[in-house]
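Below is input-v5.cif, which holds mmCIF, C-alpha atoms.
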data_input
loop_
_atom_site.group_PDB
_atom_site.id
_atom_site.type_symbol
_atom_site.label_atom_id
_atom_site.label_comp_id
_atom_site.auth_asym_id
_atom_site.auth_seq_id
_atom_site.Cartn_x
_atom_site.Cartn_y
_atom_site.Cartn_z
ATOM 1 C CA MET A 1 0.000 0.000 0.000
ATOM 2 C CA ASN A 2 1.268 3.464 -0.917
ATOM 3 C CA HIS A 3 2.427 5.231 2.271
ATOM 4 C CA LYS A 4 0.664 8.424 1.178
ATOM 5 C CA ASN A 5 -2.692 6.620 1.049
ATOM 6 C CA ILE A 6 -2.278 4.726 4.332
ATOM 7 C CA ASP A 7 -1.827 8.132 5.993
ATOM 8 C CA ILE A 8 -5.446 8.964 5.156
ATOM 9 C CA PRO A 9 -7.210 7.973 8.416
ATOM 10 C CA ILE A 10 -10.308 6.529 6.729
ATOM 11 C CA ILE A 11 -8.149 4.326 4.483
ATOM 12 C CA LYS A 12 -6.290 3.004 7.526
ATOM 13 C CA ALA A 13 -9.602 2.371 9.332
ATOM 14 C CA LEU A 14 -11.028 0.429 6.361
ATOM 15 C CA TYR A 15 -7.782 -1.504 6.016
ATOM 16 C CA ASP A 16 -8.069 -2.452 9.692
ATOM 17 C CA LEU A 17 -11.764 -3.350 9.278
ATOM 18 C CA TYR A 18 -10.836 -5.742 6.492
ATOM 19 C CA LYS A 19 -8.185 -7.412 8.649
ATOM 20 C CA ILE A 20 -10.670 -7.901 11.496
ATOM 21 C CA PHE A 21 -13.403 -9.143 9.154
ATOM 22 C CA TYR A 22 -10.988 -11.512 7.426
ATOM 23 C CA SER A 23 -9.956 -13.077 10.736
ATOM 24 C CA TYR A 24 -13.631 -13.670 11.562
ATOM 25 C CA SER A 25 -14.611 -14.945 8.113
ATOM 26 C CA ILE A 26 -12.102 -17.799 8.326
ATOM 27 C CA LEU A 27 -14.341 -19.258 11.037
ATOM 28 C CA PHE A 28 -17.609 -18.949 9.068
ATOM 29 C CA PRO A 29 -19.413 -22.125 8.026
ATOM 30 C CA LYS A 30 -18.485 -22.957 4.411
ATOM 31 C CA LYS A 31 -21.924 -22.005 3.040
ATOM 32 C CA ASP A 32 -21.811 -18.579 4.709
ATOM 33 C CA LYS A 33 -18.148 -17.931 3.888
ATOM 34 C CA TYR A 34 -18.831 -18.105 0.156
ATOM 35 C CA THR A 35 -22.127 -16.199 0.161
ATOM 36 C CA LEU A 36 -22.667 -13.460 2.714
ATOM 37 C CA GLY A 37 -19.046 -13.503 3.888
ATOM 38 C CA ALA A 38 -17.753 -13.072 0.335
ATOM 39 C CA LYS A 39 -20.256 -10.259 -0.289
ATOM 40 C CA CYS A 40 -19.023 -8.407 2.803
ATOM 41 C CA GLU A 41 -15.427 -8.754 1.630
ATOM 42 C CA ILE A 42 -16.364 -7.413 -1.797
ATOM 43 C CA TYR A 43 -18.107 -4.393 -0.264
ATOM 44 C CA ILE A 44 -15.203 -3.612 2.074
ATOM 45 C CA ILE A 45 -12.768 -3.814 -0.844
ATOM 46 C CA SER A 46 -15.055 -1.788 -3.156
ATOM 47 C CA THR A 47 -15.382 0.948 -0.545
ATOM 48 C CA LEU A 48 -11.620 0.942 -0.053
ATOM 49 C CA GLU A 49 -11.015 1.205 -3.808
ATOM 50 C CA LEU A 50 -13.449 4.111 -4.179
ATOM 51 C CA LEU A 51 -11.882 6.001 -1.271
ATOM 52 C CA LEU A 52 -8.367 5.406 -2.595
ATOM 53 C CA GLU A 53 -9.551 6.791 -5.918
ATOM 54 C CA ALA A 54 -11.194 9.761 -4.170
ATOM 55 C CA GLY A 55 -7.953 10.460 -2.306
ATOM 56 C CA CYS A 56 -6.183 10.990 -5.623
ATOM 57 C CA ALA A 57 -9.072 12.552 -7.568
ATOM 58 C CA ARG A 58 -9.568 16.173 -8.520
ATOM 59 C CA LYS A 59 -11.853 18.068 -6.171
ATOM 60 C CA GLU A 60 -14.819 18.032 -8.560
ATOM 61 C CA GLU A 61 -14.658 14.205 -8.807
ATOM 62 C CA LYS A 62 -14.186 13.501 -5.094
ATOM 63 C CA LEU A 63 -17.809 14.017 -4.009
ATOM 64 C CA SER A 64 -19.169 11.560 -6.570
ATOM 65 C CA LEU A 65 -16.658 8.893 -5.532
ATOM 66 C CA ILE A 66 -17.354 9.435 -1.842
ATOM 67 C CA LYS A 67 -21.112 9.157 -2.411
ATOM 68 C CA LYS A 68 -20.556 5.845 -4.223
ATOM 69 C CA ALA A 69 -18.326 4.654 -1.380
ATOM 70 C CA ASN A 70 -20.984 5.671 1.132
ATOM 71 C CA ALA A 71 -23.641 3.625 -0.701
ATOM 72 C CA LYS A 72 -21.347 0.564 -0.720
ATOM 73 C CA PHE A 73 -20.578 1.090 2.948
ATOM 74 C CA ASP A 74 -24.289 1.324 3.870
ATOM 75 C CA THR A 75 -24.873 -2.020 2.145
ATOM 76 C CA LEU A 76 -21.913 -3.513 4.016
ATOM 77 C CA LYS A 77 -23.403 -2.376 7.342
ATOM 78 C CA LEU A 78 -26.656 -4.148 6.510
ATOM 79 C CA PHE A 79 -24.837 -7.361 5.548
ATOM 80 C CA ILE A 80 -22.799 -7.326 8.760
ATOM 81 C CA ARG A 81 -25.974 -6.880 10.815
ATOM 82 C CA LEU A 82 -27.386 -9.870 8.926
ATOM 83 C CA LEU A 83 -24.320 -11.938 9.919
ATOM 84 C CA LYS A 84 -25.161 -11.242 13.558
ATOM 85 C CA ASP A 85 -28.903 -11.841 13.160
ATOM 86 C CA LEU A 86 -28.249 -15.201 11.476
ATOM 87 C CA ASP A 87 -25.814 -16.132 14.276
ATOM 88 C CA ILE A 88 -22.901 -16.420 11.858
ATOM 89 C CA ILE A 89 -20.896 -14.104 14.115
ATOM 90 C CA SER A 90 -21.215 -13.642 17.858
ATOM 91 C CA ASN A 91 -22.479 -10.457 19.476
ATOM 92 C CA LYS A 92 -18.935 -9.777 20.713
ATOM 93 C CA LYS A 93 -17.519 -9.966 17.161
ATOM 94 C CA TYR A 94 -20.408 -7.867 15.867
ATOM 95 C CA ILE A 95 -19.710 -5.164 18.473
ATOM 96 C CA ASN A 96 -16.019 -5.244 17.515
ATOM 97 C CA LEU A 97 -16.895 -4.731 13.849
ATOM 98 C CA GLN A 98 -19.522 -2.132 14.756
ATOM 99 C CA LYS A 99 -16.964 0.044 16.582
ATOM 100 C CA GLN A 100 -14.813 0.155 13.463
ATOM 101 C CA ILE A 101 -17.855 0.705 11.217
ATOM 102 C CA GLN A 102 -19.081 3.649 13.295
ATOM 103 C CA GLU A 103 -15.648 5.273 13.200
ATOM 104 C CA ILE A 104 -15.472 4.861 9.408
ATOM 105 C CA GLY A 105 -19.040 6.136 9.013
ATOM 106 C CA CYS A 106 -18.200 9.326 10.907
ATOM 107 C CA MET A 107 -15.077 9.891 8.800
ATOM 108 C CA LEU A 108 -16.966 9.212 5.583
ATOM 109 C CA GLY A 109 -19.746 11.628 6.545
ATOM 110 C CA GLY A 110 -17.222 14.272 7.541
ATOM 111 C CA TRP A 111 -15.338 13.938 4.255
ATOM 112 C CA GLN A 112 -18.585 14.195 2.310
ATOM 113 C CA ARG A 113 -19.744 17.274 4.271
ATOM 114 C CA SER A 114 -16.371 18.969 3.748
ATOM 115 C CA LEU A 115 -16.924 18.798 -0.013
ATOM 116 C CA THR A 116 -20.454 20.225 -0.077
#

Write-out of the structure in structure tokens:
Amino acid sequence: MNHKNIDIPIIKALYDLYKIFYSYSILFPKKDKYTLGAKCEIYIISTLELLLEAGCARKEEKLSLIKKANAKFDTLKLFIRLLKDLDIISNKKYINLQKQIQEIGCMLGGWQRSLT
């Protein structure tokens, strides 16, 4: 990872979220690992890609990329809640993920507001 990009706090937070999620997903039942677990991974990575792109984009392109990232992130939040509701992850793991998700959500909202 480019050192310039890892210095962006939201990128670091998403990077850390992926590491936590990955460590949990290894323990998922096979069926869930390749369905809902894989979807969550895709949405974390998609959000990360959009924010990396926004970090390098011209100002007039940033807002559009951040809005797309926000939509992906909202879907991810729903999928992670579903993991808990289906008892694929424990409440403790859900709370761990939720702390990271809330932090990222605040940063994402702040970045979006700063551009409007």

| Please, what distance in Å, to one decimal, runs between CA of Gln98 (chain A) and CA of Lys62 (chain A)? |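 Interatomic distance, CA of Gln98 (chain A) to CA of Lys62 (chain A): 25.8 Å.
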
Identify all residues satisfying the PyMOL selection byres ((chain A and resi 24) around 10) in the given file; provide them as a tab-separated table (two decimals) with C-alpha atoms, keeping the file's coordinate frame.
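For reference, part11.tsv as written:
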chain	number	residue	atom	x	y	z
A	18	TYR	CA	-10.84	-5.74	6.49
A	19	LYS	CA	-8.18	-7.41	8.65
A	20	ILE	CA	-10.67	-7.90	11.50
A	21	PHE	CA	-13.40	-9.14	9.15
A	22	TYR	CA	-10.99	-11.51	7.43
A	23	SER	CA	-9.96	-13.08	10.74
A	25	SER	CA	-14.61	-14.94	8.11
A	26	ILE	CA	-12.10	-17.80	8.33
A	27	LEU	CA	-14.34	-19.26	11.04
A	28	PHE	CA	-17.61	-18.95	9.07
A	33	LYS	CA	-18.15	-17.93	3.89
A	37	GLY	CA	-19.05	-13.50	3.89
A	88	ILE	CA	-22.90	-16.42	11.86
A	89	ILE	CA	-20.90	-14.10	14.12
A	90	SER	CA	-21.22	-13.64	17.86
A	93	LYS	CA	-17.52	-9.97	17.16
A	94	TYR	CA	-20.41	-7.87	15.87
A	97	LEU	CA	-16.90	-4.73	13.85

| task | Check what the PyMOL selection byres ((chain A and resi 16) around 12) selects in the file above and give those residues as a list in words. | result |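 Selected by the PyMOL selection byres ((chain A and resi 16) around 12) in this file: Ile6, Pro9, Ile10, Ile11, Lys12, Ala13, Leu14, Tyr15, Leu17, Tyr18, Lys19, Ile20, Phe21, Tyr22, Ser23, Ile44, Ile45, Leu48, Asn96, Leu97, Lys99, Gln100, Ile101, Glu103 and Ile104 of chain A.
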
| said: As an exercise, work out the distance from CA of Gln112 (chain A) to CA of Leu63 (chain A) in Å and give it to one decimal place. | reply: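 Interatomic distance here is 6.4 Å.
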
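In terms of minimum interatomic distance to Ser64 (chain A), A:Leu115 ranks closest within A:Leu115, A:Ile8, A:Ala38, A:Leu78, counting all atoms listed in the file.
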
| request: Quick one: pull the distance between CA of Arg58 (chain A) and CA of Cys106 (chain A), Å, one decimal. | output: 22.3 Å

| message | Between A:Leu86, A:Lys30, A:Arg81, A:Leu108, which residue has the minimum interatomic distance to Leu51 (chain A), considering only C-alpha atoms? | response |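 Between A:Leu86, A:Lys30, A:Arg81, A:Leu108, the residue approaching Leu51 (chain A) most closely is A:Leu108.
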
| request: Apply the PyMOL selection byres ((chain A and resi 50) around 8) to the structure shown and report the selected residues as an MDAnalysis selection string. | output: chainID A and resid 46:49 51:54 65:66 68:69

| task | Rank nothing, just name the residue among A:Asp7, A:Thr116, A:Ala71, A:Asp32 nearest to Lys84 (chain A), using only C-alpha atoms. | result |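 Smallest separation from Lys84 (chain A) among the options: A:Asp32.
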